[in-house]
file data-v6.txt (compact mmCIF, C-alpha atoms and all ligand atoms)
# COMPACT_ATOMS: atom_id res chain seq x y z
CA MET C 206 24.75 -8.80 23.54
CA SER C 207 22.47 -5.79 23.67
CA THR C 208 22.36 -3.59 20.58
CA VAL C 209 20.72 -0.70 22.44
CA GLY C 210 22.47 2.62 21.85
CA LYS C 211 24.81 1.10 19.26
CA PRO C 212 24.76 1.08 15.47
CA ILE C 213 23.44 -2.16 13.97
CA LYS C 214 24.97 -3.70 10.88
CA CYS C 215 22.36 -5.54 8.80
CA LYS C 216 21.22 -6.37 5.29
CA ALA C 217 19.13 -3.94 3.27
CA ALA C 218 18.01 -3.72 -0.36
CA VAL C 219 19.57 -0.52 -1.68
CA LEU C 220 18.44 1.24 -4.87
CA TYR C 221 21.20 3.30 -6.47
CA GLY C 222 19.28 4.69 -9.46
CA PHE C 223 16.08 4.37 -11.47
CA ASN C 224 15.36 1.08 -13.25
CA GLN C 225 18.22 -0.76 -11.57
CA PRO C 226 17.97 -4.02 -9.65
CA LEU C 227 17.93 -3.65 -5.88
CA LYS C 228 21.28 -4.52 -4.32
CA ILE C 229 21.45 -6.40 -1.03
CA GLU C 230 24.13 -4.57 0.93
CA GLU C 231 25.41 -4.53 4.48
CA ILE C 232 24.36 -1.16 5.87
CA GLU C 233 24.56 0.52 9.25
CA VAL C 234 21.47 1.65 11.12
CA ALA C 235 22.32 4.26 13.74
CA PRO C 236 20.59 4.15 17.13
CA PRO C 237 17.33 6.07 17.42
CA LYS C 238 17.57 9.72 18.49
CA ALA C 239 14.98 11.36 20.72
CA ARG C 240 11.40 10.43 19.74
CA GLU C 241 12.60 7.81 17.27
CA VAL C 242 12.14 4.05 17.19
CA ARG C 243 14.42 1.36 15.76
CA ILE C 244 12.47 -1.65 14.48
CA LYS C 245 13.53 -5.16 13.54
CA ILE C 246 11.52 -5.73 10.37
CA CYS C 247 10.08 -9.26 10.20
CA ALA C 248 8.09 -9.08 6.97
CA SER C 249 7.40 -6.62 4.18
CA GLY C 250 5.02 -6.78 1.22
CA ILE C 251 6.05 -5.56 -2.22
CA CYS C 252 3.53 -2.95 -3.41
CA HIS C 253 3.27 -1.56 -6.92
CA THR C 254 4.11 1.86 -5.48
CA ASP C 255 7.63 0.55 -4.76
CA ASP C 256 7.98 -0.40 -8.43
CA HIS C 257 6.51 2.95 -9.41
CA ALA C 258 9.30 4.66 -7.45
CA LEU C 259 11.95 2.30 -8.79
CA SER C 260 10.89 2.85 -12.40
CA ALA C 261 11.02 6.68 -12.26
CA GLY C 262 7.24 7.07 -11.95
CA MET C 263 7.55 9.58 -9.11
CA ALA C 264 8.62 13.16 -9.61
CA SER C 265 11.71 12.91 -7.45
CA LEU C 266 13.65 10.44 -5.38
CA ASN C 267 17.01 10.82 -3.70
CA PHE C 268 19.64 8.09 -4.07
CA PRO C 269 20.77 5.79 -2.67
CA VAL C 270 17.45 4.87 -1.11
CA ILE C 271 15.86 1.96 0.74
CA LEU C 272 12.32 1.39 -0.57
CA GLY C 273 9.50 -0.62 1.04
CA HIS C 274 6.53 0.75 2.95
CA GLU C 275 4.38 -2.26 3.85
CA GLY C 276 6.27 -3.74 6.77
CA ALA C 277 5.74 -5.11 10.24
CA GLY C 278 8.23 -5.95 12.95
CA ILE C 279 9.33 -5.72 16.56
CA VAL C 280 10.65 -2.65 18.35
CA GLU C 281 14.37 -3.14 19.10
CA SER C 282 15.00 0.11 20.96
CA CYS C 283 13.58 3.58 21.49
CA GLY C 284 15.13 7.03 21.71
CA GLN C 285 14.50 9.39 24.61
CA GLY C 286 10.95 10.56 25.14
CA VAL C 287 9.22 7.80 23.19
CA THR C 288 5.91 6.97 24.87
CA LYS C 289 3.79 5.14 22.32
CA VAL C 290 5.88 1.96 22.02
CA LYS C 291 8.56 0.10 23.95
CA PRO C 292 11.16 -2.54 23.04
CA GLY C 293 9.49 -5.85 22.24
CA ASP C 294 6.23 -4.32 20.99
CA HIS C 295 4.93 -5.60 17.68
CA VAL C 296 4.37 -2.74 15.26
CA ILE C 297 3.30 -1.84 11.74
CA ALA C 298 5.49 0.80 10.06
CA LEU C 299 3.45 3.74 8.78
CA CYS C 300 3.94 5.13 5.27
CA SER C 301 1.35 7.74 6.16
CA PRO C 302 2.23 8.83 9.70
CA MET C 303 0.09 11.34 11.52
CA CYS C 304 1.37 14.14 13.80
CA MET C 305 -2.17 14.59 15.23
CA LYS C 306 -1.56 18.35 15.44
CA CYS C 307 -1.83 19.69 11.88
CA LYS C 308 -5.01 20.80 10.14
CA CYS C 309 -5.23 17.53 8.20
CA CYS C 310 -4.70 15.23 11.19
CA LEU C 311 -7.33 17.14 13.16
CA HIS C 312 -9.83 17.09 10.29
CA GLU C 313 -12.20 14.15 10.60
CA ASP C 314 -12.07 13.43 6.86
CA SER C 315 -8.32 13.63 6.30
CA ASN C 316 -5.39 11.30 6.81
CA PHE C 317 -2.88 13.35 4.82
CA CYS C 318 -0.58 14.77 7.49
CA VAL C 319 1.53 17.79 6.48
CA ASP C 320 4.57 15.90 7.77
CA ASN C 321 4.15 12.81 5.57
CA ASP C 322 6.63 12.34 2.71
CA VAL C 323 4.08 11.34 0.08
CA GLY C 324 4.76 13.12 -3.20
CA LYS C 325 7.61 15.09 -1.64
CA ASN C 326 10.00 12.12 -1.53
CA LYS C 327 12.57 13.91 0.58
CA GLY C 328 13.53 10.58 2.14
CA LEU C 329 14.47 12.15 5.47
CA MET C 330 13.35 11.88 9.07
CA LEU C 331 11.76 14.87 10.81
CA ASP C 332 15.23 16.17 11.79
CA LYS C 333 16.18 16.14 8.07
CA THR C 334 18.76 13.35 8.33
CA THR C 335 18.47 9.56 8.13
CA ARG C 336 19.77 6.74 10.29
CA PHE C 337 20.92 4.59 7.34
CA SER C 338 24.45 4.66 5.96
CA ILE C 339 26.83 2.60 3.89
CA ASN C 340 30.57 3.15 4.27
CA GLY C 341 29.79 6.45 5.95
CA LYS C 342 27.53 7.70 3.11
CA GLN C 343 23.91 8.54 3.95
CA ILE C 344 21.12 6.37 2.49
CA TYR C 345 17.70 7.98 2.12
CA ASN C 346 14.49 6.50 3.46
CA PHE C 347 11.17 6.10 1.68
CA MET C 348 7.64 7.15 2.64
CA SER C 349 8.69 7.86 6.25
CA CYS C 350 9.60 4.24 6.93
CA SER C 351 11.75 2.03 4.53
CA THR C 352 10.96 -1.61 5.14
CA PHE C 353 13.23 -3.46 2.66
CA THR C 354 15.81 -3.79 5.41
CA GLU C 355 16.38 -6.04 8.42
CA TYR C 356 16.30 -2.97 10.69
CA THR C 357 14.77 0.44 10.14
CA CYS C 358 14.60 3.57 12.24
CA VAL C 359 11.50 5.77 12.13
CA ASP C 360 10.10 8.83 13.86
CA GLU C 361 7.84 7.71 16.70
CA PHE C 362 4.74 8.77 14.78
CA ALA C 363 5.64 6.44 11.89
CA CYS C 364 4.83 3.19 13.69
CA VAL C 365 1.86 1.83 15.59
CA LYS C 366 1.64 -0.91 18.19
CA ILE C 367 -0.51 -3.92 17.31
CA ASP C 368 -1.65 -7.14 18.98
CA PRO C 369 1.39 -9.46 19.30
CA LYS C 370 -0.83 -12.43 18.42
CA ALA C 371 -1.12 -11.21 14.81
CA ASN C 372 0.91 -12.93 12.10
CA LEU C 373 3.38 -10.25 11.03
CA ASP C 374 3.81 -11.79 7.59
CA GLU C 375 0.12 -11.17 6.90
CA VAL C 376 -0.74 -8.01 8.86
CA CYS C 377 2.19 -6.20 7.22
CA LEU C 378 -0.28 -5.76 4.32
CA ILE C 379 -2.36 -3.52 6.57
CA GLY C 380 0.58 -1.10 6.28
CA CYS C 381 -0.48 -0.25 2.73
CA GLY C 382 -2.09 -2.55 0.16
CA PHE C 383 -4.92 -4.08 2.10
CA SER C 384 -5.93 -0.87 3.87
CA THR C 385 -5.82 1.07 0.60
CA GLY C 386 -8.23 -1.16 -1.31
CA TYR C 387 -10.48 -2.12 1.60
CA GLY C 388 -10.63 1.39 3.09
CA THR C 389 -11.48 3.13 -0.17
CA VAL C 390 -14.54 0.91 -0.41
CA LEU C 391 -15.68 1.31 3.21
CA ASN C 392 -14.43 4.78 4.20
CA THR C 393 -14.35 6.74 0.95
CA ALA C 394 -17.08 5.30 -1.27
CA LYS C 395 -19.07 3.94 1.72
CA VAL C 396 -20.51 1.12 -0.41
CA LYS C 397 -24.07 0.23 0.56
CA PRO C 398 -25.52 -3.29 0.78
CA GLY C 399 -27.23 -4.67 -2.33
CA THR C 400 -25.30 -2.48 -4.78
CA THR C 401 -23.15 -3.19 -7.83
CA CYS C 402 -19.39 -2.51 -7.76
CA VAL C 403 -16.79 -2.75 -10.52
CA VAL C 404 -13.13 -3.14 -9.61
CA PHE C 405 -10.52 -2.45 -12.31
CA GLY C 406 -7.20 -4.24 -11.63
CA LEU C 407 -7.03 -7.39 -9.52
CA GLY C 408 -3.62 -7.02 -7.88
CA GLY C 409 -3.05 -6.58 -4.14
CA ILE C 410 -5.04 -3.34 -4.03
CA GLY C 411 -7.89 -4.49 -6.29
CA MET C 412 -8.33 -7.81 -4.45
CA SER C 413 -8.49 -5.87 -1.16
CA ALA C 414 -11.16 -3.63 -2.69
CA VAL C 415 -13.09 -6.77 -3.70
CA MET C 416 -12.83 -7.98 -0.07
CA GLY C 417 -14.17 -4.58 1.06
CA CYS C 418 -17.11 -4.75 -1.37
CA LYS C 419 -17.98 -8.19 0.01
CA VAL C 420 -17.83 -6.98 3.64
CA ALA C 421 -19.97 -3.95 2.69
CA GLY C 422 -22.66 -6.32 1.35
CA ALA C 423 -22.49 -5.46 -2.36
CA SER C 424 -24.63 -7.96 -4.26
CA ARG C 425 -22.73 -7.77 -7.53
CA ILE C 426 -18.93 -7.34 -7.74
CA ILE C 427 -17.47 -7.22 -11.24
CA GLY C 428 -13.69 -7.67 -11.52
CA VAL C 429 -11.85 -6.35 -14.59
CA ASP C 430 -8.29 -7.38 -15.48
CA ILE C 431 -6.27 -8.08 -18.62
CA ASN C 432 -4.67 -11.03 -16.81
CA PRO C 433 -7.27 -13.82 -16.54
CA THR C 434 -5.10 -15.86 -14.16
CA LYS C 435 -6.32 -13.45 -11.45
CA PHE C 436 -9.97 -14.42 -11.88
CA SER C 437 -10.23 -17.57 -9.75
CA ARG C 438 -8.75 -15.85 -6.67
CA ALA C 439 -10.94 -12.79 -7.30
CA LYS C 440 -14.05 -14.99 -7.35
CA GLU C 441 -12.93 -16.72 -4.18
CA LEU C 442 -12.67 -13.29 -2.52
CA GLY C 443 -16.08 -12.05 -3.66
CA CYS C 444 -16.24 -11.21 -7.37
CA THR C 445 -19.51 -12.43 -8.84
CA GLU C 446 -18.09 -12.17 -12.37
CA CYS C 447 -14.79 -11.25 -14.03
CA ILE C 448 -14.12 -9.69 -17.43
CA ASN C 449 -11.02 -9.39 -19.57
CA PRO C 450 -11.29 -6.18 -21.66
CA ASN C 451 -9.21 -7.87 -24.37
CA ASP C 452 -12.05 -10.39 -24.90
CA CYS C 453 -14.61 -7.63 -25.52
CA ASP C 454 -15.54 -6.26 -28.95
CA LYS C 455 -16.32 -2.80 -27.58
CA PRO C 456 -14.78 -0.48 -24.95
CA ILE C 457 -14.96 -1.98 -21.47
CA HIS C 458 -17.06 0.86 -20.04
CA GLU C 459 -19.73 0.25 -22.69
CA VAL C 460 -19.75 -3.43 -21.73
CA ILE C 461 -20.15 -2.60 -18.01
CA VAL C 462 -22.89 -0.01 -18.65
CA GLU C 463 -24.81 -2.60 -20.66
CA MET C 464 -24.32 -5.36 -18.07
CA THR C 465 -25.51 -3.09 -15.25
CA GLU C 466 -28.39 -1.40 -17.09
CA GLY C 467 -26.94 2.09 -17.01
CA GLY C 468 -23.74 1.82 -14.98
CA ALA C 469 -22.38 0.44 -11.72
CA ASP C 470 -23.16 2.13 -8.40
CA TYR C 471 -19.47 2.21 -7.52
CA GLY C 472 -16.23 1.93 -9.50
CA PHE C 473 -12.65 1.52 -8.29
CA GLU C 474 -9.46 1.97 -10.36
CA CYS C 475 -6.65 -0.07 -8.81
CA ILE C 476 -4.03 0.04 -11.58
CA GLY C 477 -2.61 3.55 -12.03
CA LYS C 478 -3.40 4.14 -15.73
CA VAL C 479 -5.24 7.31 -16.72
CA ASP C 480 -7.02 5.66 -19.69
CA VAL C 481 -8.40 2.99 -17.34
CA MET C 482 -9.43 5.71 -14.86
CA ALA C 483 -11.49 7.28 -17.67
CA SER C 484 -13.10 3.88 -18.42
CA MET C 485 -13.78 3.26 -14.73
CA ILE C 486 -15.49 6.64 -14.36
CA GLN C 487 -17.67 6.02 -17.42
CA SER C 488 -18.56 2.54 -16.15
CA THR C 489 -20.39 4.06 -13.20
CA HIS C 490 -23.94 5.38 -13.44
CA HIS C 491 -24.01 8.87 -14.99
CA SER C 492 -26.34 10.22 -12.33
CA PHE C 493 -25.61 8.51 -9.03
CA GLY C 494 -22.38 6.61 -9.71
CA SER C 495 -19.41 6.95 -7.36
CA ALA C 496 -16.06 6.66 -9.17
CA ASN C 497 -13.03 6.09 -6.96
CA ILE C 498 -9.42 6.46 -8.06
CA ILE C 499 -6.81 4.50 -6.11
CA GLY C 500 -4.05 3.74 -8.66
CA VAL C 501 -1.09 6.11 -8.88
CA PRO C 502 -0.18 7.13 -12.45
CA LYS C 503 3.19 8.48 -13.59
CA SER C 504 3.57 11.98 -12.18
CA THR C 505 3.63 13.38 -15.74
CA ASP C 506 0.39 11.67 -16.85
CA ARG C 507 -2.85 13.67 -16.97
CA LEU C 508 -6.45 12.49 -16.77
CA VAL C 509 -8.47 14.28 -19.48
CA MET C 510 -12.13 14.36 -18.63
CA ASP C 511 -15.41 15.50 -20.07
CA VAL C 512 -17.07 17.83 -17.58
CA MET C 513 -20.38 16.14 -18.37
CA TRP C 514 -19.05 13.12 -16.48
CA VAL C 515 -19.74 14.97 -13.25
CA LEU C 516 -22.36 17.54 -14.28
CA THR C 517 -24.90 14.74 -14.59
CA GLY C 518 -24.47 13.92 -10.90
CA ARG C 519 -21.73 11.29 -10.75
CA THR C 520 -19.00 11.85 -8.15
CA ILE C 521 -15.28 11.23 -8.53
CA ASN C 522 -13.16 10.58 -5.45
CA GLY C 523 -9.53 9.82 -4.80
CA ALA C 524 -8.18 8.26 -1.64
CA PHE C 525 -4.82 7.76 -0.05
CA LEU C 526 -4.38 4.68 2.14
CA GLY C 527 -8.12 4.04 2.02
CA ASP C 528 -8.79 7.17 4.07
CA PHE C 529 -7.66 5.34 7.20
CA LYS C 530 -6.07 7.41 9.92
CA ALA C 531 -3.30 4.85 10.21
CA SER C 532 -2.09 5.42 13.77
CA LEU C 533 -5.64 5.39 15.13
CA ASP C 534 -7.28 2.79 12.89
CA PHE C 535 -4.66 0.10 12.20
CA PRO C 536 -4.75 -1.65 15.62
CA GLY C 537 -8.52 -2.11 15.18
CA LEU C 538 -8.06 -3.33 11.63
CA VAL C 539 -5.65 -5.97 12.96
CA GLN C 540 -8.35 -7.07 15.42
CA ASP C 541 -10.90 -7.21 12.59
CA ALA C 542 -8.52 -9.63 10.85
CA ILE C 543 -7.46 -11.88 13.72
CA GLN C 544 -10.38 -11.75 16.17
CA ALA C 545 -13.54 -10.80 14.31
CA LYS C 546 -12.19 -12.57 11.21
CA LYS C 547 -13.98 -10.09 8.96
CA PHE C 548 -11.49 -10.82 6.17
CA ASP C 549 -8.69 -13.28 5.50
CA LEU C 550 -5.37 -11.59 4.74
CA SER C 551 -3.71 -14.94 3.99
CA LYS C 552 -5.69 -15.04 0.73
CA LEU C 553 -3.75 -11.99 -0.50
CA VAL C 554 -0.34 -13.46 0.28
CA THR C 555 0.16 -15.74 -2.70
CA ASN C 556 3.96 -15.80 -2.39
CA LYS C 557 6.49 -15.60 0.44
CA LEU C 558 10.16 -15.17 -0.37
CA PRO C 559 13.33 -14.85 1.69
CA PHE C 560 14.41 -11.20 1.74
CA GLU C 561 17.46 -11.88 -0.47
CA LYS C 562 15.12 -12.80 -3.34
CA ILE C 563 13.57 -9.33 -3.45
CA ASN C 564 14.26 -8.79 -7.18
CA GLU C 565 12.45 -12.08 -7.90
CA GLY C 566 9.52 -10.69 -5.89
CA PHE C 567 9.40 -7.55 -8.06
CA ASP C 568 9.47 -9.75 -11.19
CA LEU C 569 6.53 -11.81 -9.90
CA MET C 570 4.52 -8.59 -9.57
CA ARG C 571 5.63 -7.20 -12.94
CA HIS C 572 4.65 -10.43 -14.70
CA GLY C 573 1.30 -10.71 -12.90
CA LYS C 574 2.33 -13.95 -11.16
CA CYS C 575 1.22 -12.98 -7.66
CA VAL C 576 -1.41 -11.06 -5.75
CA ARG C 577 1.05 -10.04 -3.05
CA THR C 578 4.57 -11.25 -2.42
CA VAL C 579 5.72 -10.89 1.17
CA LEU C 580 9.44 -10.84 1.90
CA ILE C 581 10.47 -12.58 5.09
CA MET C 582 13.36 -10.80 6.83
CA ASP C 583 13.17 -12.84 10.01
CA LYS C 584 10.76 -15.40 11.43
CA CYS C 585 10.69 -13.25 14.56
CA GLY C 586 9.95 -16.06 16.97
CA LYS C 587 7.69 -18.06 14.64
CA LYS C 588 8.60 -21.67 13.86
P1 LIG P 1 -0.44 -4.94 -9.01
O1 LIG P 1 0.62 -4.86 -10.03
O2 LIG P 1 -0.38 -6.02 -8.00
O3 LIG P 1 -1.88 -5.04 -9.74
C1 LIG P 1 -2.26 -4.32 -10.87
C2 LIG P 1 -3.28 -5.16 -11.66
O4 LIG P 1 -3.78 -4.38 -12.75
C3 LIG P 1 -2.67 -6.44 -12.29
O5 LIG P 1 -3.47 -7.56 -11.95
C4 LIG P 1 -2.69 -6.14 -13.79
O6 LIG P 1 -2.89 -7.30 -14.59
C5 LIG P 1 -3.89 -5.19 -13.89
N1 LIG P 1 -3.88 -4.34 -15.09
C6 LIG P 1 -2.82 -3.70 -15.65
N2 LIG P 1 -3.22 -2.98 -16.73
C7 LIG P 1 -4.56 -3.20 -16.86
C8 LIG P 1 -5.55 -2.73 -17.77
N3 LIG P 1 -5.24 -1.90 -18.78
N4 LIG P 1 -6.84 -3.14 -17.59
C9 LIG P 1 -7.17 -3.99 -16.59
N5 LIG P 1 -6.27 -4.47 -15.69
C10 LIG P 1 -4.99 -4.07 -15.82
O7 LIG P 1 -0.47 -3.50 -8.30
P2 LIG P 1 -1.03 -3.09 -6.83
O8 LIG P 1 -2.33 -3.74 -6.61
O9 LIG P 1 0.07 -3.24 -5.82
O10 LIG P 1 -1.19 -1.50 -7.04
C11 LIG P 1 -2.19 -0.99 -7.90
C12 LIG P 1 -2.11 0.53 -7.97
O11 LIG P 1 -2.48 1.11 -6.71
C13 LIG P 1 -0.69 1.07 -8.27
O12 LIG P 1 -0.81 2.18 -9.14
C14 LIG P 1 -0.21 1.53 -6.91
O13 LIG P 1 0.80 2.53 -7.01
C15 LIG P 1 -1.51 2.09 -6.35
C16 LIG P 1 -1.52 2.30 -4.86
N6 LIG P 1 -2.22 3.38 -4.38
C17 LIG P 1 -2.25 3.64 -3.04
C18 LIG P 1 -3.06 4.79 -2.54
O14 LIG P 1 -2.99 5.08 -1.34
N7 LIG P 1 -3.84 5.45 -3.39
C19 LIG P 1 -1.59 2.81 -2.13
C20 LIG P 1 -0.92 1.70 -2.64
C21 LIG P 1 -0.89 1.44 -3.99
ZN ZN P 2 1.79 0.70 -1.05
call {"tool": "encode", "arguments": {"input": "data-v6.txt", "output": "structure tokens", "more": "lines below"}}
Ligand code: PAD
Ligand code: ZN
result
Amino acid sequence: MSTVGKPIKCKAAVLYGFNQPLKIEEIEVAPPKAREVRIKICASGICHTDDHALSAGMASLNFPVILGHEGAGIVESCGQGVTKVKPGDHVIALCSPMCMKCKCCLHEDSNFCVDNDVGKNKGLMLDKTTRFSINGKQIYNFMSCSTFTEYTCVDEFACVKIDPKANLDEVCLIGCGFSTGYGTVLNTAKVKPGTTCVVFGLGGIGMSAVMGCKVAGASRIIGVDINPTKFSRAKELGCTECINPNDCDKPIHEVIVEMTEGGADYGFECIGKVDVMASMIQSTHHSFGSANIIGVPKSTDRLVMDVMWVLTGRTINGAFLGDFKASLDFPGLVQDAIQAKKFDLSKLVTNKLPFEKINEGFDLMRHGKCVRTVLIMDKCGKK
């Protein structure tokens, strides 16, 4: 029986307050209004940013909320006036949608649309309501999409059509983690062949940065993590050496500067800790080093820096979603994965769990037992 135009009852992981477990509830997803798209989510990765939100790391969040922002699925139905996708299309949900009209969308170096919800955390669609409810009470969305649910409803600009041949339980990572690490290396830092890179934090984002450094042709890629169980996968993906700061008898940046005869060409912080950001910056060469911040710290944390860090010529960059213009770049990134085979996303997916085990998935990440856990909502036609 067709669901078009009707509310859909489905399972979603609802967060009722900070630091609580997610609760699998039966919710209602209203039909899409004009220029909106309802999507059957097939798979969603768990990103540290979800845990950051859950554990009160963001300035504000409205409750109850459905988290998740790294999902892929199939369009179930479209509201009036939708032109970019149609029912049956395979799509990636966009946590950084682009209106393509604002100053940022039109700027060649920006992907930070004025209409995204990053940092604002209003949890609403463009019309300032949401399509999620439980027993008649509104549930907020997250980062313009919400993917910890069997069905979501997004504004048309918050999804992009991709090649239906792509494995949704791998390309969902293009929605956030992979693109963030990989893009910061290629688009933001623009790593040159033959250079030395140091990547702090070997989780989903850091491993993707390592993959980017490899594709860019870096000759030396140093991985840094306090969890040595990450090292074998990191080496498989391109690290030439890995260091645990806890094994060192001096600060990690002094170790890196010594190993690289003055500092790495490029540094990447993929953790979200301001003290590590300071170490990463100082690990890069004082004159020509490029230090790149990816990790998201608590909104109350402050990075204290010595102005000499930049006066000597080093640059410090930050990037959101790897500086990709998601709606324009993601279909090509999917092709790079499945056709050109520039990188292997399956190497990032160390764990797959049924959706109901979402809290177990968060625990795997918190205890460093995975690179990425992908939740499977539905096999979506796959055997
Ligand atoms: P993750 O938990 O999978 O990985 C973090 C890694 O850091 C783990 O391997 C830890 O062992 C390691 N680590 C922790 N503390 C230290 C330390 N002191 N020294 C060395 N290693 C350490 O997280 P993730 O890869 O999903 O996310 C990483 C960060 O990136 C996180 O802050 C997240 O919010 C941020 C992020 N930023 C963007 C963006 O657009 N800028 C997008 C997505 C995620
Ligand atoms: Zn993310």
call {"tool": "atom_distance", "arguments": {"input": "data-v6.txt", "atom1": "CA of Lys327 (chain C)", "atom2": "CA of Asp294 (chain C)"}}
result
28.1 Å
call {"tool": "residues_around", "arguments": {"input": "data-v6.txt", "residues": "His253 (chain C)", "least_positions_apart": "5", "cutoff": "12 Å", "atoms": "only C-alpha atoms", "output": "PyMOL selection string"}}
result
chain C and resi 258-260+262+272-275+381-382+406+408-411+475-477+499-502+566-573+575-578
call {"tool": "closest_residue", "arguments": {"input": "data-v6.txt", "among": "C:Asn326, C:Thr254, C:Gln544, C:Thr208", "to": "ligand ZN 2 (chain P)", "atoms": "all atoms listed in the file"}}
result
C:Thr254
call {"tool": "atom_distance", "arguments": {"input": "data-v6.txt", "atom1": "CA of Lys503 (chain C)", "atom2": "CA of Val403 (chain C)"}}
result
23.1 Å
call {"tool": "atom_distance", "arguments": {"input": "data-v6.txt", "atom1": "CA of Lys397 (chain C)", "atom2": "CA of Val420 (chain C)"}}
result
10.0 Å
call {"tool": "closest_residue", "arguments": {"input": "data-v6.txt", "among": "C:Val539, C:Asp374, C:Ile339, C:Phe383", "to": "ligand ZN 2 (chain P)", "atoms": "all atoms listed in the file"}}
result
C:Phe383
call {"tool": "closest_residue", "arguments": {"input": "data-v6.txt", "among": "C:Phe353, C:Tyr221, C:Phe362, C:Phe473", "to": "Met303 (chain C)", "atoms": "only C-alpha atoms"}}
result
C:Phe362
call {"tool": "residues_around", "arguments": {"input": "data-v6.txt", "residues": "Asn321 (chain C)", "least_positions_apart": "3", "cutoff": "9 Å", "atoms": "all atoms listed in the file", "output": "list in words"}}
result
Cys300, Ser301, Pro302, Met303, Cys304, Phe317, Cys318, Gly324, Lys325, Met348 and Ser349 of chain C
call {"tool": "residues_near_point", "arguments": {"input": "data-v6.txt", "point": "(14.2, -6.3, 11.3)", "cutoff": "9 Å", "atoms": "all atoms listed in the file", "output": "MDAnalysis selection string"}}
result
chainID C and resid 215 243:248 277:281 352 354:357 582:583 585
call {"tool": "closest_residue", "arguments": {"input": "data-v6.txt", "among": "C:Ala531, C:Leu516, C:Gly472, C:Gly250", "to": "Pro559 (chain C)", "atoms": "only C-alpha atoms"}}
result
C:Gly250
call {"tool": "closest_residue", "arguments": {"input": "data-v6.txt", "among": "C:Ser504, C:Asn432, C:Asn316, C:Ser338", "to": "Lys530 (chain C)", "atoms": "only C-alpha atoms"}}
result
C:Asn316
call {"tool": "residues_around", "arguments": {"input": "data-v6.txt", "residues": "Gly443 (chain C)", "least_positions_apart": "6", "cutoff": "10 Å", "atoms": "only C-alpha atoms", "output": "VMD selection string"}}
result
chain C and resid 412 414 to 420 423 to 428
call {"tool": "closest_residue", "arguments": {"input": "data-v6.txt", "among": "C:Leu580, C:Leu558, C:Cys402, C:Ile563", "to": "Ile229 (chain C)", "atoms": "all atoms listed in the file"}}
result
C:Ile563
call {"tool": "decode", "arguments": {"input": "data-v6.txt", "residues": "region 407-416 of chain C", "atoms": "N, CA, C and O atoms", "output": "mmCIF file, in the first residue's frame"}}
result
data_model
loop_
_atom_site.group_PDB
_atom_site.id
_atom_site.type_symbol
_atom_site.label_atom_id
_atom_site.label_comp_id
_atom_site.auth_asym_id
_atom_site.auth_seq_id
_atom_site.Cartn_x
_atom_site.Cartn_y
_atom_site.Cartn_z
ATOM 1 N N LEU C 407 43.126 8.894 15.234
ATOM 2 C CA LEU C 407 42.920 7.929 14.149
ATOM 3 C C LEU C 407 41.547 7.275 14.268
ATOM 4 O O LEU C 407 41.404 6.062 14.245
ATOM 5 N N GLY C 408 40.521 8.110 14.402
ATOM 6 C CA GLY C 408 39.139 7.633 14.348
ATOM 7 C C GLY C 408 38.661 7.748 12.902
ATOM 8 O O GLY C 408 39.463 7.804 11.963
ATOM 9 N N GLY C 409 37.338 7.804 12.720
ATOM 10 C CA GLY C 409 36.786 7.874 11.363
ATOM 11 C C GLY C 409 37.322 9.061 10.577
ATOM 12 O O GLY C 409 37.634 8.958 9.384
ATOM 13 N N ILE C 410 37.445 10.220 11.234
ATOM 14 C CA ILE C 410 37.900 11.420 10.539
ATOM 15 C C ILE C 410 39.403 11.326 10.248
ATOM 16 O O ILE C 410 39.848 11.585 9.120
ATOM 17 N N GLY C 411 40.175 10.949 11.269
ATOM 18 C CA GLY C 411 41.628 10.864 11.099
ATOM 19 C C GLY C 411 42.022 9.838 10.048
ATOM 20 O O GLY C 411 42.901 10.092 9.209
ATOM 21 N N MET C 412 41.370 8.673 10.045
ATOM 22 C CA MET C 412 41.699 7.634 9.053
ATOM 23 C C MET C 412 41.370 8.157 7.641
ATOM 24 O O MET C 412 42.078 7.850 6.674
ATOM 25 N N SER C 413 40.302 8.936 7.530
ATOM 26 C CA SER C 413 39.939 9.496 6.219
ATOM 27 C C SER C 413 40.976 10.533 5.790
ATOM 28 O O SER C 413 41.295 10.665 4.601
ATOM 29 N N ALA C 414 41.519 11.271 6.772
ATOM 30 C CA ALA C 414 42.589 12.224 6.457
ATOM 31 C C ALA C 414 43.827 11.464 5.982
ATOM 32 O O ALA C 414 44.475 11.864 5.000
ATOM 33 N N VAL C 415 44.131 10.340 6.633
ATOM 34 C CA VAL C 415 45.272 9.510 6.213
ATOM 35 C C VAL C 415 45.061 9.059 4.759
ATOM 36 O O VAL C 415 45.963 9.136 3.921
ATOM 37 N N MET C 416 43.827 8.628 4.448
ATOM 38 C CA MET C 416 43.527 8.195 3.069
ATOM 39 C C MET C 416 43.758 9.355 2.090
ATOM 40 O O MET C 416 44.272 9.166 0.985
#
